[in-house]
>>> print(open('coords25.cif').read())   # mmCIF, C-alpha atoms and all ligand atoms
data_model
loop_
_atom_site.label_atom_id
_atom_site.label_comp_id
_atom_site.auth_asym_id
_atom_site.auth_seq_id
_atom_site.Cartn_x
_atom_site.Cartn_y
_atom_site.Cartn_z
CA MET X 13 1.73 -6.66 13.33
CA THR X 14 -1.12 -7.52 15.68
CA LYS X 15 -3.13 -10.68 15.27
CA GLY X 16 -6.04 -10.10 12.94
CA SER X 17 -4.34 -7.44 10.84
CA HIS X 18 -1.62 -7.02 8.21
CA SER X 19 1.59 -5.02 8.49
CA SER X 20 -0.10 -2.27 6.41
CA GLY X 21 -2.77 -1.93 9.11
CA ALA X 22 -5.38 -3.63 6.95
CA PRO X 23 -7.86 -5.71 8.92
CA TRP X 24 -7.87 -9.42 8.24
CA ARG X 25 -10.58 -10.11 5.66
CA ASN X 26 -11.10 -13.66 4.65
CA PHE X 27 -11.06 -14.12 0.92
CA TYR X 28 -11.53 -17.69 -0.24
CA GLY X 29 -11.62 -17.20 -4.00
CA ARG X 30 -8.75 -17.52 -6.45
CA ILE X 31 -6.52 -14.57 -7.19
CA ARG X 32 -4.49 -16.33 -9.86
CA GLY X 33 -5.36 -18.82 -12.59
CA LYS X 34 -3.61 -19.94 -15.76
CA THR X 35 -0.34 -18.31 -16.73
CA LEU X 36 -1.06 -14.95 -18.29
CA ARG X 37 -0.35 -14.46 -21.98
CA PRO X 38 2.39 -11.93 -22.81
CA THR X 39 -0.19 -9.44 -24.14
CA GLN X 40 -2.18 -9.76 -20.92
CA LYS X 41 0.95 -9.11 -18.83
CA ASP X 42 1.64 -6.13 -21.04
CA HIS X 43 -1.88 -4.75 -20.51
CA LEU X 44 -1.62 -5.22 -16.75
CA GLU X 45 1.71 -3.43 -16.72
CA HIS X 46 0.69 -0.55 -18.96
CA ASP X 47 -3.06 0.02 -18.57
CA LEU X 48 -4.01 -0.82 -15.02
CA ASP X 49 -2.56 2.15 -13.13
CA ALA X 50 -4.41 4.67 -15.26
CA LEU X 51 -7.69 2.92 -14.45
CA SER X 52 -7.30 3.25 -10.70
CA PRO X 53 -10.14 5.08 -8.94
CA GLY X 54 -7.54 6.53 -6.53
CA PRO X 55 -5.74 5.21 -3.45
CA VAL X 56 -7.74 2.15 -2.36
CA GLY X 57 -5.17 -0.25 -0.90
CA TRP X 58 -4.15 -0.08 2.74
CA ASP X 59 -0.52 0.26 1.69
CA VAL X 60 -1.23 3.50 -0.22
CA ASN X 61 -4.06 4.81 1.97
CA PRO X 62 -3.55 3.62 5.55
CA GLU X 63 -5.75 6.43 6.92
CA ARG X 64 -8.59 5.22 4.67
CA ALA X 65 -9.14 8.76 3.41
CA PRO X 66 -12.21 8.97 1.17
CA LEU X 67 -11.52 9.04 -2.57
CA ASP X 68 -11.88 12.38 -4.33
CA LEU X 69 -14.43 11.18 -6.88
CA ALA X 70 -15.15 14.63 -8.33
CA ALA X 71 -11.44 15.13 -9.11
CA ARG X 72 -11.24 11.71 -10.74
CA PHE X 73 -14.63 11.42 -12.49
CA GLY X 74 -16.06 14.94 -12.59
CA GLU X 75 -19.83 15.09 -12.29
CA ARG X 76 -20.40 11.60 -13.68
CA PRO X 77 -22.70 9.34 -11.64
CA ILE X 78 -20.72 6.48 -10.08
CA TRP X 79 -21.74 2.84 -10.38
CA VAL X 80 -19.93 -0.14 -8.87
CA GLU X 81 -19.63 -3.73 -10.10
CA ILE X 82 -18.68 -6.29 -7.45
CA GLY X 83 -16.53 -9.17 -8.76
CA PHE X 84 -16.67 -8.37 -12.48
CA GLY X 85 -15.00 -11.67 -13.54
CA GLY X 86 -13.76 -11.16 -17.11
CA GLY X 87 -15.55 -7.80 -17.40
CA GLU X 88 -18.30 -8.76 -19.89
CA HIS X 89 -21.11 -6.97 -18.07
CA LEU X 90 -18.87 -4.09 -16.99
CA VAL X 91 -17.82 -3.26 -20.56
CA HIS X 92 -21.37 -3.70 -21.85
CA MET X 93 -22.68 -1.23 -19.26
CA ALA X 94 -19.86 1.23 -19.93
CA LYS X 95 -20.69 1.18 -23.65
CA THR X 96 -24.43 1.50 -22.98
CA TYR X 97 -24.03 4.37 -20.49
CA PRO X 98 -21.07 6.51 -21.61
CA GLN X 99 -22.13 9.32 -19.27
CA VAL X 100 -21.60 7.13 -16.17
CA ALA X 101 -18.31 6.11 -14.51
CA ILE X 102 -18.30 2.46 -13.46
CA ILE X 103 -15.80 1.19 -10.93
CA GLY X 104 -15.25 -2.56 -10.95
CA ALA X 105 -13.52 -4.59 -8.24
CA GLU X 106 -12.07 -8.05 -8.91
CA PRO X 107 -9.22 -9.81 -7.11
CA PHE X 108 -8.78 -12.57 -9.75
CA ILE X 109 -5.92 -11.15 -11.79
CA ASN X 110 -6.70 -13.22 -14.90
CA GLY X 111 -10.16 -11.65 -14.91
CA VAL X 112 -8.63 -8.18 -14.58
CA ALA X 113 -6.36 -8.95 -17.55
CA MET X 114 -9.39 -10.03 -19.58
CA LEU X 115 -11.15 -6.79 -18.70
CA LEU X 116 -8.18 -4.75 -19.91
CA GLY X 117 -8.26 -6.53 -23.29
CA LYS X 118 -11.99 -5.85 -23.59
CA ILE X 119 -11.54 -2.17 -22.69
CA ARG X 120 -8.94 -1.82 -25.45
CA ASP X 121 -11.22 -3.54 -27.97
CA ALA X 122 -14.28 -1.49 -27.01
CA GLY X 123 -12.42 1.81 -26.68
CA VAL X 124 -14.46 2.85 -23.64
CA ASP X 125 -13.08 5.50 -21.29
CA ASN X 126 -15.55 5.34 -18.41
CA ILE X 127 -14.34 2.23 -16.58
CA SER X 128 -12.20 2.27 -13.49
CA ALA X 129 -10.81 -0.91 -11.92
CA HIS X 130 -9.67 -1.91 -8.47
CA PRO X 131 -7.75 -5.20 -8.82
CA GLY X 132 -8.67 -6.46 -5.36
CA ASP X 133 -11.33 -7.00 -2.74
CA VAL X 134 -14.40 -4.79 -3.08
CA ARG X 135 -14.47 -4.33 0.71
CA ASP X 136 -11.27 -2.28 0.43
CA LEU X 137 -13.05 -0.11 -2.11
CA PHE X 138 -16.11 0.29 0.16
CA ASP X 139 -13.80 1.61 2.92
CA VAL X 140 -12.76 4.60 0.84
CA LEU X 141 -15.84 5.42 -1.20
CA PRO X 142 -17.56 8.44 0.36
CA GLU X 143 -20.85 7.76 2.08
CA GLY X 144 -23.77 8.02 -0.35
CA SER X 145 -21.56 8.36 -3.44
CA VAL X 146 -22.71 5.39 -5.54
CA GLU X 147 -25.90 5.34 -7.61
CA LYS X 148 -26.03 1.71 -8.69
CA ALA X 149 -24.30 -1.54 -7.71
CA PHE X 150 -24.18 -4.88 -9.51
CA LEU X 151 -23.52 -8.35 -8.11
CA ASN X 152 -23.61 -10.85 -10.97
CA TYR X 153 -23.30 -14.56 -10.47
CA PRO X 154 -21.45 -14.29 -7.16
CA ASP X 155 -19.45 -17.27 -5.92
CA PRO X 156 -22.18 -19.73 -4.83
CA TRP X 157 -20.40 -21.45 -1.91
CA PRO X 158 -22.93 -24.34 -2.01
CA LYS X 159 -22.00 -26.11 1.25
CA ALA X 160 -24.05 -24.92 4.23
CA ARG X 161 -20.96 -24.36 6.36
CA HIS X 162 -19.63 -22.00 3.66
CA HIS X 163 -22.77 -19.86 3.30
CA ARG X 164 -21.21 -17.23 5.54
CA ARG X 165 -18.54 -16.71 2.86
CA ARG X 166 -21.16 -15.48 0.41
CA PHE X 167 -21.27 -11.82 -0.54
CA VAL X 168 -24.83 -11.56 0.74
CA THR X 169 -23.80 -11.41 4.38
CA GLN X 170 -23.92 -8.40 6.66
CA GLU X 171 -20.13 -8.05 6.56
CA HIS X 172 -20.39 -7.03 2.89
CA LEU X 173 -23.90 -5.61 2.71
CA VAL X 174 -23.62 -3.03 5.49
CA PRO X 175 -20.57 -1.29 3.92
CA LEU X 176 -22.28 -1.49 0.51
CA LEU X 177 -25.39 0.22 1.88
CA HIS X 178 -23.22 2.93 3.44
CA VAL X 179 -21.61 3.93 0.12
CA LEU X 180 -24.89 3.90 -1.81
CA ARG X 181 -26.90 7.07 -2.23
CA PRO X 182 -30.52 6.99 -0.95
CA GLY X 183 -32.64 5.65 -3.81
CA ALA X 184 -29.67 3.77 -5.32
CA GLU X 185 -30.31 0.39 -6.92
CA PHE X 186 -28.60 -2.88 -6.03
CA ARG X 187 -28.97 -5.70 -8.56
CA VAL X 188 -28.23 -9.35 -7.89
CA ALA X 189 -28.20 -12.05 -10.60
CA THR X 190 -27.75 -15.70 -9.66
CA ASP X 191 -28.75 -19.16 -10.86
CA ILE X 192 -28.54 -20.78 -7.42
CA PRO X 193 -31.92 -21.12 -5.63
CA ASP X 194 -30.31 -21.20 -2.20
CA TYR X 195 -28.42 -18.01 -3.05
CA VAL X 196 -31.79 -16.41 -3.83
CA ARG X 197 -33.04 -17.55 -0.43
CA GLN X 198 -30.06 -16.05 1.40
CA THR X 199 -30.22 -12.84 -0.64
CA LEU X 200 -33.91 -12.35 0.19
CA GLU X 201 -33.15 -12.96 3.86
CA GLU X 202 -29.97 -10.97 4.31
CA VAL X 203 -30.25 -7.97 2.00
CA PRO X 204 -33.36 -6.52 3.73
CA VAL X 205 -31.73 -7.10 7.15
CA ALA X 206 -28.92 -4.78 6.04
CA GLY X 207 -31.52 -2.08 5.32
CA PHE X 208 -32.35 -2.50 1.62
CA GLU X 209 -35.88 -2.83 0.26
CA ARG X 210 -36.85 -5.00 -2.65
CA ILE X 211 -38.28 -3.14 -5.61
CA ASP X 212 -39.03 -5.80 -8.19
CA HIS X 213 -40.98 -8.87 -7.32
CA SER X 214 -40.65 -10.72 -10.60
CA ASP X 215 -37.29 -12.43 -10.39
CA ASP X 216 -37.42 -14.27 -13.72
CA ARG X 217 -37.30 -11.23 -15.98
CA ALA X 218 -33.90 -9.77 -16.81
CA TRP X 219 -33.27 -6.03 -16.66
CA VAL X 220 -33.77 -4.39 -20.06
CA ASP X 221 -30.06 -3.55 -20.30
CA TRP X 222 -28.86 -6.99 -19.15
CA PRO X 223 -26.38 -8.41 -21.69
CA SER X 224 -26.40 -12.03 -20.44
CA THR X 225 -22.98 -13.45 -19.69
CA ARG X 226 -20.96 -16.61 -20.17
CA TYR X 227 -21.90 -17.69 -16.65
CA GLU X 228 -25.55 -17.27 -17.47
CA GLN X 229 -25.28 -19.10 -20.79
CA LYS X 230 -23.65 -22.03 -19.00
CA ALA X 231 -26.39 -22.02 -16.37
CA LEU X 232 -29.07 -22.09 -19.08
CA ARG X 233 -27.31 -24.91 -20.96
CA GLU X 234 -27.16 -26.91 -17.75
CA GLY X 235 -30.85 -26.32 -17.03
CA ARG X 236 -30.54 -23.80 -14.19
CA ARG X 237 -32.83 -20.78 -14.15
CA PRO X 238 -31.43 -17.28 -13.74
CA HIS X 239 -32.93 -15.09 -11.03
CA TYR X 240 -32.76 -11.30 -11.13
CA LEU X 241 -33.32 -9.50 -7.85
CA THR X 242 -33.49 -5.73 -7.47
CA PHE X 243 -33.22 -3.76 -4.25
CA ARG X 244 -32.91 -0.12 -3.38
CA LYS X 245 -31.50 1.88 -0.53
CA PRO X 246 -34.47 3.65 1.09
C1 LIG Q 301 -18.61 -16.70 -10.20
S1 LIG Q 301 -17.62 -15.29 -10.58
C2 LIG Q 301 -18.69 -14.28 -11.59
C3 LIG Q 301 -17.96 -13.23 -12.36
C4 LIG Q 301 -18.81 -12.21 -13.11
N1 LIG Q 301 -19.59 -11.40 -12.19
C5 LIG Q 301 -19.71 -12.83 -14.15
O1 LIG Q 301 -20.93 -12.87 -13.95
O2 LIG Q 301 -19.19 -13.31 -15.16
C6 LIG Q 301 -17.58 -14.41 -9.04
C7 LIG Q 301 -16.44 -13.40 -8.97
O3 LIG Q 301 -16.52 -12.65 -7.76
C8 LIG Q 301 -15.21 -12.35 -7.36
N2 LIG Q 301 -15.20 -12.00 -5.92
C9 LIG Q 301 -15.39 -12.82 -4.86
N3 LIG Q 301 -15.28 -12.15 -3.72
C10 LIG Q 301 -14.99 -10.86 -4.04
C11 LIG Q 301 -14.71 -9.68 -3.28
N4 LIG Q 301 -14.70 -9.71 -1.94
N5 LIG Q 301 -14.46 -8.53 -3.93
C12 LIG Q 301 -14.48 -8.51 -5.29
N6 LIG Q 301 -14.71 -9.59 -6.06
C13 LIG Q 301 -14.96 -10.76 -5.45
C14 LIG Q 301 -14.44 -13.62 -7.67
O4 LIG Q 301 -13.04 -13.40 -7.76
C15 LIG Q 301 -15.06 -14.05 -9.00
O5 LIG Q 301 -14.36 -13.56 -10.11
#
>>> encode(input="coords25.cif", output="structure tokens", more="lines below")
Ligand SMILES: C[S@@+](CC[C@H](N)C(=O)[O-])C[C@H]1O[C@@H](n2cnc3c(N)ncnc32)[C@H](O)[C@@H]1O
Amino acid sequence: MTKGSHSSGAPWRNFYGRIRGKTLRPTQKDHLEHDLDALSPGPVGWDVNPERAPLDLAARFGERPIWVEIGFGGGEHLVHMAKTYPQVAIIGAEPFINGVAMLLGKIRDAGVDNISAHPGDVRDLFDVLPEGSVEKAFLNYPDPWPKARHHRRRFVTQEHLVPLLHVLRPGAEFRVATDIPDYVRQTLEEVPVAGFERIDHSDDRAWVDWPSTRYEQKALREGRRPHYLTFRKP
């Protein structure tokens, strides 16, 4: 193993969030054990795809348009979108296993069949998504990393945005929702640098299909204003 990589060949990617929380309930463990494999978009991990071969999306999803949700948390927005757009396949990535378990419970309750989940870092997913394969991407309430010295850990940095742009199709939309004014500042600075253009200049109006989320409700209760930013790949 060389410095800066893992034994699987994976590059070292700093991830500062949590991957585990409270002890999982027995039903959640059961869902993780029985449901998760079938939801895989294909070989994403470095252990199962060391060559980083592109996923065969047509074999897995047919002709369905592909959308991606980055850090879906407990899956509220992901399940809402899957119900609203049954003709689309939405791939969510989330390393926090308790969130993944919550998503699986919600998928069972909603009975949707158009969600796919990668229980890990979205950057590993970006590696193997074919160039130009994704029609829409969502980043909702990303980790704020409020301290200035931690701003480089935010998703809205070139390290994340350049691979995201690569997998998006020209014309594809990238939506960002946040309640942190300094996150808005960094988003407006960094996202265009990566090559996106902004398409909606009113950031206080939610998208018509936005379900609101627990994060947003908490922000509103605590007096913070949500911001909704929309970009596209030219
Ligand atoms: C503040 S939470 C918001 C969750 C959800 N989007 C919502 O609005 O309810 C941010 C989430 O992003 C996830 N996250 C952070 N970095 C990530 C990465 N590199 N790939 C995928 N998810 C990531 C975290 O694990 C966390 O669950």
>>> residues_around(input="coords25.cif", residues="stretch 32-39 of chain X", least_positions_apart="5", cutoff="7 Å", atoms="only C-alpha atoms", output="PyMOL selection string")
chain X and resi 108-110
>>> residues_around(input="coords25.cif", residues="stretch 186-192 of chain X", least_positions_apart="5", cutoff="8 Å", atoms="only C-alpha atoms", output="ChimeraX atom specification")
/X:148-154,156,228,231,236-245
>>> closest_residue(input="coords25.cif", among="X:Phe208, X:Ser20, X:Leu44, X:Tyr227", to="X:Pro182", atoms="only C-alpha atoms")
X:Phe208
>>> closest_atom_pairs(input="coords25.cif", of="chain X", to="ligand LIG 301 (chain Q)", cutoff="9 Å", atoms="all atoms listed in the file", output="JSON lines")
{"residue": "X:Arg25", "atom": "CA", "partner": "Q:LIG301", "partner_atom": "N4", "distance": 8.7}
{"residue": "X:Asn26", "atom": "CA", "partner": "Q:LIG301", "partner_atom": "N4", "distance": 8.5}
{"residue": "X:Phe27", "atom": "CA", "partner": "Q:LIG301", "partner_atom": "N4", "distance": 6.4}
{"residue": "X:Tyr28", "atom": "CA", "partner": "Q:LIG301", "partner_atom": "N3", "distance": 7.5}
{"residue": "X:Gly29", "atom": "CA", "partner": "Q:LIG301", "partner_atom": "O4", "distance": 5.5}
{"residue": "X:Arg30", "atom": "CA", "partner": "Q:LIG301", "partner_atom": "O4", "distance": 6.1}
{"residue": "X:Ile31", "atom": "CA", "partner": "Q:LIG301", "partner_atom": "O4", "distance": 6.6}
{"residue": "X:Glu81", "atom": "CA", "partner": "Q:LIG301", "partner_atom": "N1", "distance": 7.9}
{"residue": "X:Ile82", "atom": "CA", "partner": "Q:LIG301", "partner_atom": "C12", "distance": 5.2}
{"residue": "X:Gly83", "atom": "CA", "partner": "Q:LIG301", "partner_atom": "N6", "distance": 3.3}
{"residue": "X:Phe84", "atom": "CA", "partner": "Q:LIG301", "partner_atom": "N1", "distance": 4.2}
{"residue": "X:Gly85", "atom": "CA", "partner": "Q:LIG301", "partner_atom": "C3", "distance": 3.5}
{"residue": "X:Gly86", "atom": "CA", "partner": "Q:LIG301", "partner_atom": "O2", "distance": 6.2}
{"residue": "X:Gly87", "atom": "CA", "partner": "Q:LIG301", "partner_atom": "C4", "distance": 7.0}
{"residue": "X:Glu88", "atom": "CA", "partner": "Q:LIG301", "partner_atom": "O2", "distance": 6.6}
{"residue": "X:His89", "atom": "CA", "partner": "Q:LIG301", "partner_atom": "C5", "distance": 7.2}
{"residue": "X:Leu90", "atom": "CA", "partner": "Q:LIG301", "partner_atom": "N1", "distance": 8.8}
{"residue": "X:Gly104", "atom": "CA", "partner": "Q:LIG301", "partner_atom": "C12", "distance": 8.2}
{"residue": "X:Ala105", "atom": "CA", "partner": "Q:LIG301", "partner_atom": "C12", "distance": 5.0}
{"residue": "X:Glu106", "atom": "CA", "partner": "Q:LIG301", "partner_atom": "N6", "distance": 4.2}
{"residue": "X:Pro107", "atom": "CA", "partner": "Q:LIG301", "partner_atom": "O4", "distance": 5.3}
{"residue": "X:Phe108", "atom": "CA", "partner": "Q:LIG301", "partner_atom": "O4", "distance": 4.8}
{"residue": "X:Ile109", "atom": "CA", "partner": "Q:LIG301", "partner_atom": "O4", "distance": 8.5}
{"residue": "X:Gly111", "atom": "CA", "partner": "Q:LIG301", "partner_atom": "O5", "distance": 6.7}
{"residue": "X:His130", "atom": "CA", "partner": "Q:LIG301", "partner_atom": "C12", "distance": 8.8}
{"residue": "X:Pro131", "atom": "CA", "partner": "Q:LIG301", "partner_atom": "C12", "distance": 8.3}
{"residue": "X:Gly132", "atom": "CA", "partner": "Q:LIG301", "partner_atom": "C12", "distance": 6.2}
{"residue": "X:Asp133", "atom": "CA", "partner": "Q:LIG301", "partner_atom": "N5", "distance": 3.7}
{"residue": "X:Val134", "atom": "CA", "partner": "Q:LIG301", "partner_atom": "N5", "distance": 3.8}
{"residue": "X:Arg135", "atom": "CA", "partner": "Q:LIG301", "partner_atom": "N4", "distance": 6.0}
{"residue": "X:Asp136", "atom": "CA", "partner": "Q:LIG301", "partner_atom": "N5", "distance": 8.3}
{"residue": "X:Leu137", "atom": "CA", "partner": "Q:LIG301", "partner_atom": "N5", "distance": 8.7}
{"residue": "X:Phe150", "atom": "CA", "partner": "Q:LIG301", "partner_atom": "N1", "distance": 8.4}
{"residue": "X:Leu151", "atom": "CA", "partner": "Q:LIG301", "partner_atom": "N1", "distance": 6.4}
{"residue": "X:Asn152", "atom": "CA", "partner": "Q:LIG301", "partner_atom": "N1", "distance": 4.2}
{"residue": "X:Tyr153", "atom": "CA", "partner": "Q:LIG301", "partner_atom": "O1", "distance": 4.5}
{"residue": "X:Pro154", "atom": "CA", "partner": "Q:LIG301", "partner_atom": "C6", "distance": 4.3}
{"residue": "X:Asp155", "atom": "CA", "partner": "Q:LIG301", "partner_atom": "C1", "distance": 4.4}
{"residue": "X:Pro156", "atom": "CA", "partner": "Q:LIG301", "partner_atom": "C1", "distance": 7.1}
{"residue": "X:Arg165", "atom": "CA", "partner": "Q:LIG301", "partner_atom": "N3", "distance": 8.6}
{"residue": "X:Arg166", "atom": "CA", "partner": "Q:LIG301", "partner_atom": "N3", "distance": 7.9}
{"residue": "X:Phe167", "atom": "CA", "partner": "Q:LIG301", "partner_atom": "N3", "distance": 6.8}
{"residue": "X:His172", "atom": "CA", "partner": "Q:LIG301", "partner_atom": "N4", "distance": 7.9}
{"residue": "X:Ala189", "atom": "CA", "partner": "Q:LIG301", "partner_atom": "O1", "distance": 8.0}
{"residue": "X:Thr190", "atom": "CA", "partner": "Q:LIG301", "partner_atom": "O1", "distance": 8.5}
{"residue": "X:Ser224", "atom": "CA", "partner": "Q:LIG301", "partner_atom": "O1", "distance": 8.5}
{"residue": "X:Thr225", "atom": "CA", "partner": "Q:LIG301", "partner_atom": "O2", "distance": 5.9}
{"residue": "X:Arg226", "atom": "CA", "partner": "Q:LIG301", "partner_atom": "O2", "distance": 6.3}
{"residue": "X:Tyr227", "atom": "CA", "partner": "Q:LIG301", "partner_atom": "O2", "distance": 5.4}
{"residue": "X:Glu228", "atom": "CA", "partner": "Q:LIG301", "partner_atom": "O1", "distance": 7.3}
>>> closest_residue(input="coords25.cif", among="X:Lys118, X:Lys41, X:Arg76, X:His163", to="X:Thr199", atoms="all atoms listed in the file")
X:His163
>>> residues_around(input="coords25.cif", residues="X:Leu180", least_positions_apart="2", cutoff="12 Å", atoms="only C-alpha atoms", output="VMD selection string")
chain X and resid 77 to 80 138 141 to 150 173 to 178 182 to 186 207 to 208 243 to 246
>>> closest_residue(input="coords25.cif", among="X:Ser19, X:Gln40, X:Asn61, X:Ser52", to="X:Ala113", atoms="only C-alpha atoms")
X:Gln40
>>> residues_around(input="coords25.cif", residues="X:Asp139", least_positions_apart="5", cutoff="9 Å", atoms="only C-alpha atoms", output="ChimeraX atom specification")
/X:56,64-66,134,175,179
>>> atom_distance(input="coords25.cif", atom1="atom CA of X:Pro98", atom2="atom CA of X:Val140")
24.0 Å
>>> atom_distance(input="coords25.cif", atom1="atom CA of X:Gly54", atom2="atom CA of X:Ala70")
11.3 Å
>>> axis_aligned_box(input="coords25.cif", around="stretch 127-145 of chain X", padding_each_side="8 Å", output="lines of an AutoDock Vina configuration file")
center_x = -15.8
center_y = 0.7
center_z = -6.8
size_x = 32.0
size_y = 31.4
size_z = 35.5
>>> atom_distance(input="coords25.cif", atom1="atom CA of X:Asp68", atom2="atom CA of X:Ala50")
15.3 Å
